[in-house]
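*Asks:* File follows, my_file_24.tsv with TSV, C-alpha atoms and all ligand atoms:
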```tsv
chain	number	residue	atom	x	y	z
A	16	MET	CA	-13.97	19.47	17.14
A	17	ILE	CA	-13.38	15.76	17.68
A	18	ALA	CA	-10.78	14.82	20.29
A	19	THR	CA	-8.48	12.18	18.80
A	20	ASN	CA	-5.80	9.88	20.21
A	21	GLY	CA	-2.86	9.45	17.88
A	22	TYR	CA	0.74	8.28	17.81
A	23	ALA	CA	3.36	10.57	16.32
A	24	VAL	CA	7.06	11.17	15.83
A	25	ASP	CA	8.51	14.69	16.02
A	26	SER	CA	11.74	14.10	14.07
A	27	PRO	CA	13.43	11.38	11.97
A	28	GLU	CA	15.23	10.02	15.05
A	29	ASP	CA	12.23	10.14	17.38
A	30	ARG	CA	10.40	7.13	18.78
A	31	PHE	CA	6.60	7.06	18.53
A	32	HIS	CA	4.69	8.57	21.42
A	33	PRO	CA	1.05	9.38	22.21
A	34	PHE	CA	-0.14	12.57	20.50
A	35	ARG	CA	-3.56	14.04	21.16
A	36	PHE	CA	-5.12	16.33	18.56
A	37	GLU	CA	-8.48	17.38	17.12
A	38	ARG	CA	-10.25	16.38	13.91
A	39	ARG	CA	-12.77	18.73	12.27
A	40	GLU	CA	-16.47	18.21	12.84
A	41	PRO	CA	-17.92	16.55	9.73
A	42	ALA	CA	-18.87	19.10	7.04
A	43	ALA	CA	-21.85	18.44	4.74
A	44	ASN	CA	-19.94	15.94	2.56
A	45	ASP	CA	-17.78	14.36	5.27
A	46	VAL	CA	-17.83	10.93	6.87
A	47	ALA	CA	-16.63	10.55	10.48
A	48	ILE	CA	-15.00	7.20	11.16
A	49	ALA	CA	-13.93	5.34	14.31
A	50	ILE	CA	-10.68	3.66	13.22
A	51	LEU	CA	-10.59	0.04	14.37
A	52	TYR	CA	-7.42	-1.17	12.60
A	53	CYS	CA	-4.62	0.35	10.56
A	54	GLY	CA	-2.04	-1.52	8.50
A	55	VAL	CA	1.65	-0.60	8.67
A	56	CYS	CA	3.12	0.21	5.25
A	57	HIS	CA	6.82	0.57	4.50
A	58	SER	CA	5.94	4.08	3.24
A	59	ASP	CA	4.98	4.94	6.85
A	60	LEU	CA	8.53	4.08	7.89
A	61	HIS	CA	10.14	5.96	4.96
A	62	THR	CA	8.07	9.03	5.89
A	63	ALA	CA	8.34	8.91	9.70
A	64	ARG	CA	12.10	8.52	9.48
A	65	GLY	CA	12.42	11.30	6.90
A	66	GLU	CA	13.97	8.97	4.30
A	67	TRP	CA	12.25	10.66	1.34
A	68	GLY	CA	12.75	14.23	2.61
A	69	GLY	CA	9.82	16.60	3.01
A	70	THR	CA	8.32	15.00	6.10
A	71	ARG	CA	6.22	17.45	8.11
A	72	TYR	CA	6.38	16.85	11.86
A	73	PRO	CA	4.65	15.90	14.03
A	74	CYS	CA	4.06	12.94	11.71
A	75	VAL	CA	1.11	10.59	12.31
A	76	PRO	CA	1.43	7.91	9.58
A	77	GLY	CA	-1.10	5.26	8.57
A	78	HIS	CA	-2.99	4.87	5.30
A	79	GLU	CA	-4.47	1.40	5.53
A	80	ILE	CA	-7.46	2.45	7.58
A	81	VAL	CA	-10.57	0.40	8.32
A	82	GLY	CA	-13.30	1.24	10.76
A	83	GLU	CA	-16.91	2.06	11.35
A	84	VAL	CA	-18.85	5.16	10.34
A	85	THR	CA	-19.91	7.14	13.41
A	86	ALA	CA	-21.58	10.17	11.77
A	87	VAL	CA	-22.13	11.66	8.31
A	88	GLY	CA	-22.62	15.20	7.03
A	89	GLU	CA	-26.06	16.26	5.83
A	90	SER	CA	-25.42	15.75	2.10
A	91	VAL	CA	-23.83	12.31	2.43
A	92	THR	CA	-26.09	9.65	0.92
A	93	ARG	CA	-23.76	6.69	0.29
A	94	PHE	CA	-22.77	6.02	3.93
A	95	ALA	CA	-24.60	5.63	7.21
A	96	PRO	CA	-23.48	5.20	10.83
A	97	GLY	CA	-22.51	1.63	11.69
A	98	GLU	CA	-21.21	0.73	8.21
A	99	LEU	CA	-17.72	-0.69	7.71
A	100	VAL	CA	-15.49	1.48	5.55
A	101	GLY	CA	-11.91	1.90	4.44
A	102	VAL	CA	-9.67	4.88	3.74
A	103	GLY	CA	-6.44	4.48	1.79
A	104	CYS	CA	-3.56	6.77	0.85
A	105	MET	CA	-5.57	9.85	-0.20
A	106	VAL	CA	-8.19	11.97	1.54
A	107	ASP	CA	-8.68	14.70	-1.09
A	108	SER	CA	-7.83	15.96	-4.57
A	109	CYS	CA	-8.92	18.91	-6.72
A	110	GLN	CA	-11.87	16.96	-8.23
A	111	ARG	CA	-11.67	19.18	-11.35
A	112	CYS	CA	-8.68	18.08	-13.45
A	113	GLY	CA	-8.52	15.41	-16.15
A	114	ALA	CA	-6.95	12.83	-13.83
A	115	CYS	CA	-9.67	13.28	-11.20
A	116	ALA	CA	-12.35	13.10	-13.91
A	117	GLU	CA	-10.94	9.72	-14.95
A	118	GLY	CA	-10.97	8.44	-11.37
A	119	LEU	CA	-7.18	8.62	-11.16
A	120	GLU	CA	-7.04	11.01	-8.22
A	121	GLN	CA	-3.57	9.75	-7.27
A	122	TYR	CA	-2.29	11.59	-10.35
A	123	CYS	CA	-4.34	14.75	-9.64
A	124	GLU	CA	-2.79	17.54	-11.71
A	125	ASN	CA	-3.15	19.94	-8.80
A	126	GLY	CA	-1.77	17.53	-6.24
A	127	MET	CA	-3.75	15.04	-4.20
A	128	THR	CA	-3.82	15.24	-0.42
A	129	GLY	CA	-2.14	12.29	1.24
A	130	THR	CA	-3.90	10.74	4.22
A	131	TYR	CA	-0.83	11.83	6.16
A	132	ASN	CA	1.89	14.41	5.51
A	133	GLY	CA	-0.70	16.74	3.82
A	134	PRO	CA	-0.96	19.40	2.56
A	135	THR	CA	-4.72	19.97	2.74
A	136	GLN	CA	-6.39	21.49	-0.35
A	137	ASP	CA	-7.65	24.60	1.47
A	138	THR	CA	-5.12	25.76	4.08
A	139	GLY	CA	-2.11	23.62	3.14
A	140	ASP	CA	-2.01	22.21	6.67
A	141	ASN	CA	-0.50	18.86	7.56
A	142	THR	CA	-2.76	15.80	7.54
A	143	TYR	CA	-2.64	13.12	10.23
A	144	GLY	CA	-3.15	9.48	9.27
A	145	GLY	CA	-4.47	6.26	10.67
A	146	TYR	CA	-2.24	5.73	13.71
A	147	SER	CA	-5.17	7.32	15.52
A	148	ASP	CA	-8.64	6.38	16.67
A	149	ARG	CA	-10.78	8.79	14.63
A	150	ILE	CA	-10.72	10.39	11.19
A	151	VAL	CA	-13.00	12.64	9.17
A	152	VAL	CA	-12.83	12.24	5.38
A	153	ARG	CA	-14.85	13.65	2.48
A	154	GLU	CA	-17.13	10.93	1.18
A	155	GLU	CA	-15.52	10.66	-2.26
A	156	PHE	CA	-12.42	9.19	-0.57
A	157	VAL	CA	-14.22	6.64	1.60
A	158	CYS	CA	-14.64	3.08	0.30
A	159	LYS	CA	-17.22	0.48	1.28
A	160	VAL	CA	-15.98	-2.72	2.91
A	161	ARG	CA	-18.13	-5.71	1.97
A	162	HIS	CA	-16.06	-8.37	3.74
A	163	ASP	CA	-17.37	-10.02	6.91
A	164	ARG	CA	-16.77	-8.05	10.06
A	165	GLU	CA	-14.40	-10.73	11.48
A	166	GLN	CA	-12.12	-10.15	8.50
A	167	LEU	CA	-11.87	-6.40	9.04
A	168	ALA	CA	-8.32	-6.26	10.43
A	169	ALA	CA	-7.00	-8.24	7.47
A	170	VAL	CA	-8.88	-5.98	5.04
A	171	GLY	CA	-6.87	-2.93	6.21
A	172	PRO	CA	-3.78	-3.69	4.10
A	173	LEU	CA	-5.89	-3.86	0.94
A	174	LEU	CA	-6.23	-0.06	1.15
A	175	CYS	CA	-2.57	0.43	0.17
A	176	ALA	CA	-0.76	-2.88	-0.43
A	177	GLY	CA	-3.82	-4.24	-2.24
A	178	ILE	CA	-4.56	-1.29	-4.49
A	179	THR	CA	-0.90	-0.54	-5.27
A	180	THR	CA	-0.52	-4.02	-6.75
A	181	TRP	CA	-4.05	-4.25	-8.21
A	182	SER	CA	-3.78	-1.04	-10.23
A	183	PRO	CA	-0.75	-2.10	-12.34
A	184	LEU	CA	-2.01	-5.68	-12.66
A	185	ARG	CA	-5.21	-4.29	-14.21
A	186	HIS	CA	-3.51	-1.56	-16.24
A	187	TRP	CA	-1.18	-4.14	-17.84
A	188	ASN	CA	-4.12	-6.51	-18.45
A	189	VAL	CA	-3.00	-9.40	-16.30
A	190	GLY	CA	-5.15	-12.49	-16.70
A	191	PRO	CA	-5.11	-16.07	-17.98
A	192	GLY	CA	-2.19	-16.82	-20.29
A	193	LYS	CA	0.04	-14.11	-18.78
A	194	LYS	CA	3.24	-14.88	-16.86
A	195	VAL	CA	3.65	-12.44	-14.00
A	196	GLY	CA	6.57	-12.01	-11.61
A	197	VAL	CA	6.30	-10.40	-8.20
A	198	ALA	CA	9.63	-9.25	-6.74
A	199	GLY	CA	9.87	-8.74	-2.96
A	200	ILE	CA	7.54	-10.75	-0.76
A	201	GLY	CA	6.57	-8.16	1.81
A	202	GLY	CA	3.30	-6.33	2.37
A	203	LEU	CA	2.84	-5.29	-1.26
A	204	GLY	CA	4.40	-8.41	-2.76
A	205	HIS	CA	2.26	-10.89	-0.88
A	206	MET	CA	-0.86	-9.08	-2.06
A	207	GLY	CA	0.56	-8.96	-5.61
A	208	ILE	CA	0.87	-12.75	-5.57
A	209	LYS	CA	-2.67	-13.26	-4.29
A	210	LEU	CA	-4.23	-10.82	-6.75
A	211	ALA	CA	-2.27	-11.94	-9.83
A	212	ARG	CA	-3.20	-15.54	-9.03
A	213	ALA	CA	-6.87	-14.65	-8.55
A	214	LEU	CA	-6.81	-12.84	-11.91
A	215	GLY	CA	-5.74	-16.11	-13.54
A	216	ALA	CA	-2.06	-15.45	-14.31
A	217	HIS	CA	0.89	-17.82	-13.97
A	218	VAL	CA	2.68	-16.30	-10.98
A	219	VAL	CA	6.38	-16.44	-10.10
A	220	ALA	CA	7.56	-14.97	-6.80
A	221	PHE	CA	11.06	-13.50	-6.50
A	222	THR	CA	12.54	-13.30	-3.03
A	223	THR	CA	15.88	-12.63	-1.39
A	224	SER	CA	14.69	-14.73	1.59
A	225	PRO	CA	14.93	-18.49	0.90
A	226	GLY	CA	12.88	-19.02	4.08
A	227	LYS	CA	9.82	-17.46	2.37
A	228	LYS	CA	9.69	-20.10	-0.41
A	229	ASP	CA	6.94	-22.26	1.10
A	230	ASP	CA	4.94	-19.20	2.10
A	231	ALA	CA	5.10	-17.80	-1.42
A	232	LEU	CA	3.68	-21.04	-2.80
A	233	ALA	CA	0.96	-21.03	-0.13
A	234	LEU	CA	0.11	-17.42	-1.03
A	235	GLY	CA	-0.57	-18.58	-4.58
A	236	ALA	CA	2.71	-18.46	-6.51
A	237	HIS	CA	3.17	-21.30	-9.00
A	238	GLU	CA	6.97	-21.00	-8.77
A	239	VAL	CA	9.48	-19.27	-6.51
A	240	VAL	CA	12.88	-17.90	-7.50
A	241	VAL	CA	15.57	-16.90	-5.01
A	242	SER	CA	16.70	-13.75	-6.76
A	243	ARG	CA	20.28	-13.95	-5.48
A	244	GLU	CA	20.74	-17.32	-7.28
A	245	LYS	CA	21.89	-16.42	-10.81
A	246	GLY	CA	21.03	-19.85	-12.24
A	247	GLU	CA	17.46	-19.70	-10.92
A	248	MET	CA	17.03	-16.25	-12.48
A	249	LYS	CA	18.46	-17.26	-15.88
A	250	ALA	CA	16.08	-20.20	-16.14
A	251	HIS	CA	13.30	-17.61	-16.65
A	252	ALA	CA	15.11	-15.48	-19.29
A	253	SER	CA	12.86	-13.59	-21.75
A	254	SER	CA	9.65	-15.19	-20.47
A	255	PHE	CA	7.63	-12.66	-18.44
A	256	ASP	CA	4.80	-10.44	-19.64
A	257	LEU	CA	4.99	-8.37	-16.46
A	258	ILE	CA	7.18	-8.09	-13.38
A	259	LEU	CA	5.83	-6.12	-10.44
A	260	ASN	CA	8.81	-4.87	-8.45
A	261	THR	CA	7.90	-4.04	-4.85
A	262	VAL	CA	11.42	-4.20	-3.40
A	263	ALA	CA	12.01	-1.42	-0.85
A	264	ALA	CA	15.81	-1.23	-1.34
A	265	PRO	CA	18.13	-0.30	-4.24
A	266	HIS	CA	19.10	-3.32	-6.36
A	267	ASN	CA	20.25	-4.38	-9.81
A	268	LEU	CA	17.32	-3.99	-12.23
A	269	ASP	CA	19.11	-5.56	-15.20
A	270	SER	CA	18.79	-9.07	-13.83
A	271	TYR	CA	14.99	-8.60	-13.86
A	272	LEU	CA	14.75	-6.74	-17.19
A	273	ALA	CA	16.50	-9.68	-18.89
A	274	LEU	CA	13.61	-11.90	-17.77
A	275	LEU	CA	10.97	-9.93	-19.72
A	276	LYS	CA	9.85	-11.26	-23.07
A	277	ARG	CA	9.49	-8.98	-26.12
A	278	ASP	CA	7.18	-6.07	-25.19
A	279	GLY	CA	7.17	-7.16	-21.56
A	280	ALA	CA	7.14	-4.56	-18.79
A	281	MET	CA	8.63	-4.22	-15.34
A	282	VAL	CA	6.57	-1.90	-13.15
A	283	MET	CA	8.33	-0.31	-10.19
A	284	VAL	CA	6.22	0.34	-7.13
A	285	GLY	CA	8.92	0.19	-4.43
A	286	VAL	CA	10.36	3.62	-3.57
A	287	PRO	CA	13.77	3.07	-1.90
A	288	ALA	CA	15.37	5.90	0.00
A	289	GLU	CA	18.42	5.70	-2.35
A	290	PRO	CA	18.15	5.29	-6.15
A	291	HIS	CA	18.65	1.97	-7.94
A	292	PRO	CA	21.85	1.63	-9.99
A	293	SER	CA	20.92	2.81	-13.51
A	294	PRO	CA	19.82	-0.11	-15.71
A	295	ALA	CA	21.54	-0.86	-19.05
A	296	VAL	CA	19.29	0.39	-21.85
A	297	VAL	CA	20.33	-2.49	-24.07
A	298	HIS	CA	17.91	-4.77	-22.19
A	299	LEU	CA	15.09	-2.38	-23.06
A	300	ILE	CA	16.12	-1.85	-26.67
A	301	MET	CA	16.72	-5.42	-27.77
A	302	LYS	CA	13.22	-6.65	-26.96
A	303	ARG	CA	11.25	-3.38	-26.88
A	304	ARG	CA	10.82	-3.84	-23.14
A	305	THR	CA	9.31	-1.21	-20.86
A	306	LEU	CA	10.46	-0.02	-17.46
A	307	ALA	CA	7.50	1.72	-15.84
A	308	GLY	CA	6.18	2.91	-12.49
A	309	SER	CA	2.81	3.08	-10.81
A	310	LEU	CA	1.39	5.04	-7.87
A	311	ILE	CA	-1.24	3.47	-5.58
A	312	GLY	CA	-4.59	3.52	-7.45
A	313	GLY	CA	-7.65	5.71	-7.94
A	314	ILE	CA	-10.77	5.56	-5.80
A	315	PRO	CA	-12.99	3.73	-8.34
A	316	GLU	CA	-10.35	1.02	-8.82
A	317	THR	CA	-9.83	0.82	-5.05
A	318	GLN	CA	-13.53	0.02	-4.65
A	319	GLU	CA	-13.29	-2.43	-7.56
A	320	MET	CA	-10.35	-4.18	-5.84
A	321	LEU	CA	-12.12	-4.29	-2.45
A	322	ASP	CA	-15.23	-5.79	-4.06
A	323	PHE	CA	-13.13	-8.32	-6.02
A	324	CYS	CA	-11.39	-9.34	-2.80
A	325	ALA	CA	-14.67	-9.64	-0.89
A	326	GLU	CA	-16.08	-11.80	-3.67
A	327	HIS	CA	-12.98	-14.03	-3.85
A	328	GLY	CA	-12.38	-14.23	-0.09
A	329	ILE	CA	-9.05	-12.40	-0.35
A	330	VAL	CA	-7.53	-10.59	2.65
A	331	ALA	CA	-3.96	-9.88	3.75
A	332	ASP	CA	-1.91	-12.23	5.93
A	333	ILE	CA	-1.42	-10.16	9.05
A	334	GLU	CA	0.30	-10.00	12.40
A	335	MET	CA	-1.66	-7.86	14.84
A	336	ILE	CA	0.29	-5.49	17.07
A	337	ALA	CA	-0.50	-3.06	19.84
A	338	MET	CA	0.05	0.64	19.07
A	339	ARG	CA	2.90	0.91	21.58
A	340	ASP	CA	4.86	-1.77	19.67
A	341	ILE	CA	5.11	0.26	16.47
A	342	ASP	CA	8.85	1.06	16.74
A	343	ALA	CA	9.70	-2.62	17.17
A	344	ALA	CA	7.48	-3.42	14.18
A	345	TYR	CA	9.43	-0.92	12.04
A	346	ASP	CA	12.71	-2.55	13.09
A	347	ARG	CA	11.38	-5.95	12.05
A	348	MET	CA	10.07	-4.57	8.75
A	349	LEU	CA	13.59	-3.39	7.93
A	350	LYS	CA	14.81	-6.97	8.37
A	351	SER	CA	12.09	-8.27	5.98
A	352	ASP	CA	10.69	-10.06	9.02
A	353	VAL	CA	6.95	-9.50	8.54
A	354	LYS	CA	4.38	-12.16	7.67
A	355	TYR	CA	3.16	-10.30	5.78
A	356	ARG	CA	1.68	-7.09	7.13
A	357	PHE	CA	1.57	-5.63	10.62
A	358	VAL	CA	-1.84	-4.28	11.55
A	359	ILE	CA	-2.38	-2.07	14.59
A	360	ASP	CA	-5.31	-2.91	16.83
A	361	MET	CA	-6.55	0.61	17.53
A	362	ALA	CA	-8.28	-0.54	20.72
A	363	THR	CA	-4.76	-0.41	22.21
A	364	ILE	CA	-4.04	3.24	21.40
A	365	ALA	CA	-5.32	4.77	24.62
A	366	GLU	CA	-3.16	2.38	26.69
A	367	GLY	CA	-0.16	4.68	26.03
B	401	LIG	P1	7.93	-4.46	2.97
B	401	LIG	O1	6.76	-5.13	3.57
B	401	LIG	O2	9.07	-4.06	3.81
B	401	LIG	O3	8.42	-5.43	1.78
B	401	LIG	C1	9.52	-5.11	0.96
B	401	LIG	C2	10.18	-6.42	0.53
B	401	LIG	O4	11.30	-6.06	-0.30
B	401	LIG	C3	10.80	-7.21	1.66
B	401	LIG	O5	9.89	-8.04	2.34
B	401	LIG	C4	11.86	-8.02	0.94
B	401	LIG	O6	11.25	-9.13	0.30
B	401	LIG	C5	12.29	-7.07	-0.15
B	401	LIG	N1	13.56	-6.41	0.26
B	401	LIG	C6	13.76	-5.60	1.31
B	401	LIG	N2	15.05	-5.23	1.39
B	401	LIG	C7	15.66	-5.80	0.35
B	401	LIG	C8	16.97	-5.78	-0.13
B	401	LIG	N3	17.95	-5.10	0.51
B	401	LIG	N4	17.24	-6.46	-1.26
B	401	LIG	C9	16.27	-7.13	-1.89
B	401	LIG	N5	15.01	-7.20	-1.45
B	401	LIG	C10	14.71	-6.53	-0.36
B	401	LIG	O7	7.48	-3.13	2.21
B	401	LIG	P2	6.09	-2.76	1.50
B	401	LIG	O8	5.20	-2.11	2.49
B	401	LIG	O9	5.62	-3.92	0.73
B	401	LIG	O10	6.55	-1.61	0.52
B	401	LIG	C11	7.49	-1.87	-0.51
B	401	LIG	C12	7.91	-0.57	-1.16
B	401	LIG	O11	6.81	-0.04	-1.90
B	401	LIG	C13	8.32	0.53	-0.18
B	401	LIG	O12	9.42	1.23	-0.73
B	401	LIG	C14	7.10	1.41	-0.13
B	401	LIG	O13	7.37	2.74	0.25
B	401	LIG	C15	6.63	1.34	-1.54
B	401	LIG	N6	5.23	1.68	-1.78
B	401	LIG	C16	4.94	2.25	-2.96
B	401	LIG	C17	3.63	2.54	-3.27
B	401	LIG	C18	3.30	3.12	-4.61
B	401	LIG	O14	2.23	3.70	-4.75
B	401	LIG	N7	4.14	2.97	-5.61
B	401	LIG	C19	2.62	2.26	-2.35
B	401	LIG	C20	2.96	1.66	-1.16
B	401	LIG	C21	4.27	1.35	-0.88
B	401	LIG	P3	12.02	-10.55	0.21
B	401	LIG	O15	12.35	-10.93	1.64
B	401	LIG	O16	11.02	-11.43	-0.44
B	401	LIG	O17	13.22	-10.34	-0.63
B	402	ZN	ZN	1.32	2.35	1.76
```
Using the file provided, produce a representation of the structure as structure tokens.
*Replies:*
Amino acid sequence: MIATNGYAVDSPEDRFHPFRFERREPAANDVAIAILYCGVCHSDLHTARGEWGGTRYPCVPGHEIVGEVTAVGESVTRFAPGELVGVGCMVDSCQRCGACAEGLEQYCENGMTGTYNGPTQDTGDNTYGGYSDRIVVREEFVCKVRHDREQLAAVGPLLCAGITTWSPLRHWNVGPGKKVGVAGIGGLGHMGIKLARALGAHVVAFTTSPGKKDDALALGAHEVVVSREKGEMKAHASSFDLILNTVAAPHNLDSYLALLKRDGAMVMVGVPAEPHPSPAVVHLIMKRRTLAGSLIGGIPETQEMLDFCAEHGIVADIEMIAMRDIDAAYDRMLKSDVKYRFVIDMATIAEG
């Protein structure tokens, strides 16, 4: 077994503390990874604090993992020790169903295995995520990182924030000539702006934080709307092909639906602890608009996104933190005070 340093909480009210546990020795198709950095997703907070229900404790979050391969099982051919790799939100799926066959393992009909909060495919045990210094993952769920090594920390957030925005942008065919809104300029939203811009769309950022206006433009937005200003919202009525809604709190969806043009879609990726107020169907009916949702992305499209980002020089804007500062980072995330993703430097984990 592989001795591993982690950080865990034992209940929704707990603070993070060191947690030592063991990872399995790599099986024939496994890749063993030394985790160098792990991004901090709002889903980590929702899960650790039990906001979605169903959290299994002890909980070791973290699904924006980047690191270096340390060993591979005997049948692994695509990875070798020393290579830089990433692991996102999933570490397993049934590999047999229609969704898995299409490379959409996140929608596995038999249930995918999350990188944390399990259950594993065989025993149903809990899985422990990237707030730890080692992980062992079957090779199908490991992605290659082709960025320069100095960029590695800022690549971490691509593994969730990047793919969760990339997948709907691609599914809804975002490209030149399309007007795309990104609501909520946090971890996901800031990647949504960068990716939509790189795909050639006209990008409008929606924020509740007027202080993020200049940043949103620097991230690549062509325009910025303060979503609490009714006049600013109305100026964009019936004009969007797609709005990507990453907001992590319940809010009025009607004011966004009214901004979609005929056949436009708003895709929800934020998962607030409490439901949104129900939208008025009239906004959907009158212009055949769609209200949709999207879950992370499959492994082939995660590799596609990583390669696109490497080619276009795209990484996340990050603030590096030490492992022991994770509770304070969560508190700041709740105040929308992150520019724009915390990343844990895993070299700090053994400091306690
Ligand atoms: P984040 O960094 O905290 O960003 C969320 C942003 O939402 C904030 O920066 C803020 O942007 C806006 N916001 C927060 N509270 C608000 C409020 N009360 N009213 C209006 N806007 C508010 O979170 P994240 O990591 O990007 O995650 C966003 C959500 O997506 C979370 O619920 C997370 O669990 C979920 N998620 C879903 C998937 C998926 O597969 N669907 C994957 C990953 C994460 P402004 O300051 O610009 O308003
Ligand atoms: Zn995430």
*Asks:* One number please: CA of Pro27 in chain A to CA of Ser293 in chain A, in Å, one decimal.
*Replies:*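 Answer for the CA of Pro27 in chain A to CA of Ser293 in chain A separation: 27.9 Å.
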*Asks:* Within 10 Å of His57 in chain A, counting all atoms listed in the file, which residues qualify if same-chain residues fewer than 6 places away don't, as a list of chain:residue names?
*Replies:*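 Once the nearby chain positions are removed, what remains is A:Ala63, A:Ala176, A:Gly201, A:Gly202, A:Leu203, A:Ala263, A:Gly285, A:Val286, A:Pro287, A:Tyr345, A:Met348, A:Leu349, A:Arg356.
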*Asks:* Given all atoms listed in the file, how would the per-residue table for chain A near ligand ZN 402 (chain B) read, listing every residue at most 12 Å away with its closest atom pair and distance in Å to one decimal, sorted by chain and number, as JSON lines?
*Replies:*
```
{"residue": "A:Cys53", "atom": "CA", "partner": "B:ZN402", "partner_atom": "ZN", "distance": 10.8}
{"residue": "A:Gly54", "atom": "CA", "partner": "B:ZN402", "partner_atom": "ZN", "distance": 8.5}
{"residue": "A:Val55", "atom": "CA", "partner": "B:ZN402", "partner_atom": "ZN", "distance": 7.5}
{"residue": "A:Cys56", "atom": "CA", "partner": "B:ZN402", "partner_atom": "ZN", "distance": 4.5}
{"residue": "A:His57", "atom": "CA", "partner": "B:ZN402", "partner_atom": "ZN", "distance": 6.4}
{"residue": "A:Ser58", "atom": "CA", "partner": "B:ZN402", "partner_atom": "ZN", "distance": 5.2}
{"residue": "A:Asp59", "atom": "CA", "partner": "B:ZN402", "partner_atom": "ZN", "distance": 6.8}
{"residue": "A:Leu60", "atom": "CA", "partner": "B:ZN402", "partner_atom": "ZN", "distance": 9.6}
{"residue": "A:His61", "atom": "CA", "partner": "B:ZN402", "partner_atom": "ZN", "distance": 10.1}
{"residue": "A:Thr62", "atom": "CA", "partner": "B:ZN402", "partner_atom": "ZN", "distance": 10.4}
{"residue": "A:Pro76", "atom": "CA", "partner": "B:ZN402", "partner_atom": "ZN", "distance": 9.6}
{"residue": "A:Gly77", "atom": "CA", "partner": "B:ZN402", "partner_atom": "ZN", "distance": 7.8}
{"residue": "A:His78", "atom": "CA", "partner": "B:ZN402", "partner_atom": "ZN", "distance": 6.1}
{"residue": "A:Glu79", "atom": "CA", "partner": "B:ZN402", "partner_atom": "ZN", "distance": 7.0}
{"residue": "A:Ile80", "atom": "CA", "partner": "B:ZN402", "partner_atom": "ZN", "distance": 10.5}
{"residue": "A:Val102", "atom": "CA", "partner": "B:ZN402", "partner_atom": "ZN", "distance": 11.4}
{"residue": "A:Gly103", "atom": "CA", "partner": "B:ZN402", "partner_atom": "ZN", "distance": 8.0}
{"residue": "A:Cys104", "atom": "CA", "partner": "B:ZN402", "partner_atom": "ZN", "distance": 6.6}
{"residue": "A:Met105", "atom": "CA", "partner": "B:ZN402", "partner_atom": "ZN", "distance": 10.4}
{"residue": "A:Gly129", "atom": "CA", "partner": "B:ZN402", "partner_atom": "ZN", "distance": 10.5}
{"residue": "A:Thr130", "atom": "CA", "partner": "B:ZN402", "partner_atom": "ZN", "distance": 10.2}
{"residue": "A:Tyr131", "atom": "CA", "partner": "B:ZN402", "partner_atom": "ZN", "distance": 10.7}
{"residue": "A:Gly144", "atom": "CA", "partner": "B:ZN402", "partner_atom": "ZN", "distance": 11.3}
{"residue": "A:Gly145", "atom": "CA", "partner": "B:ZN402", "partner_atom": "ZN", "distance": 11.3}
{"residue": "A:Gly171", "atom": "CA", "partner": "B:ZN402", "partner_atom": "ZN", "distance": 10.7}
{"residue": "A:Pro172", "atom": "CA", "partner": "B:ZN402", "partner_atom": "ZN", "distance": 8.2}
{"residue": "A:Leu173", "atom": "CA", "partner": "B:ZN402", "partner_atom": "ZN", "distance": 9.6}
{"residue": "A:Leu174", "atom": "CA", "partner": "B:ZN402", "partner_atom": "ZN", "distance": 7.9}
{"residue": "A:Cys175", "atom": "CA", "partner": "B:ZN402", "partner_atom": "ZN", "distance": 4.6}
{"residue": "A:Ala176", "atom": "CA", "partner": "B:ZN402", "partner_atom": "ZN", "distance": 6.0}
{"residue": "A:Gly177", "atom": "CA", "partner": "B:ZN402", "partner_atom": "ZN", "distance": 9.3}
{"residue": "A:Ile178", "atom": "CA", "partner": "B:ZN402", "partner_atom": "ZN", "distance": 9.3}
{"residue": "A:Thr179", "atom": "CA", "partner": "B:ZN402", "partner_atom": "ZN", "distance": 7.9}
{"residue": "A:Thr180", "atom": "CA", "partner": "B:ZN402", "partner_atom": "ZN", "distance": 10.8}
{"residue": "A:Gly201", "atom": "CA", "partner": "B:ZN402", "partner_atom": "ZN", "distance": 11.7}
{"residue": "A:Gly202", "atom": "CA", "partner": "B:ZN402", "partner_atom": "ZN", "distance": 8.9}
{"residue": "A:Leu203", "atom": "CA", "partner": "B:ZN402", "partner_atom": "ZN", "distance": 8.4}
{"residue": "A:Thr261", "atom": "CA", "partner": "B:ZN402", "partner_atom": "ZN", "distance": 11.3}
{"residue": "A:Ala263", "atom": "CA", "partner": "B:ZN402", "partner_atom": "ZN", "distance": 11.6}
{"residue": "A:Val284", "atom": "CA", "partner": "B:ZN402", "partner_atom": "ZN", "distance": 10.3}
{"residue": "A:Gly285", "atom": "CA", "partner": "B:ZN402", "partner_atom": "ZN", "distance": 10.0}
{"residue": "A:Val286", "atom": "CA", "partner": "B:ZN402", "partner_atom": "ZN", "distance": 10.6}
{"residue": "A:Leu310", "atom": "CA", "partner": "B:ZN402", "partner_atom": "ZN", "distance": 10.0}
{"residue": "A:Ile311", "atom": "CA", "partner": "B:ZN402", "partner_atom": "ZN", "distance": 7.9}
{"residue": "A:Gly312", "atom": "CA", "partner": "B:ZN402", "partner_atom": "ZN", "distance": 11.0}
{"residue": "A:Arg356", "atom": "CA", "partner": "B:ZN402", "partner_atom": "ZN", "distance": 10.9}
{"residue": "A:Phe357", "atom": "CA", "partner": "B:ZN402", "partner_atom": "ZN", "distance": 11.9}
```
*Asks:* Find the smallest box with edges along x, y and z containing every listed atom of range 46-51 of chain A, then add 4 Å on each side and report centre and edge lengths in Å to one decimal, as JSON.
*Replies:*
```
{"center_x": -14.2, "center_y": 5.5, "center_z": 10.6, "size_x": 15.2, "size_y": 18.9, "size_z": 15.5}
```
*Asks:* Taking (-11.6, -2.8, 20.3) in the coordinates of the supplied file, I want to know which residues reach to within 7 Å of it, counting only C-alpha atoms; could you give the answer as JSON, numbers by chain?
*Replies:* {"A": [51, 361, 362]}
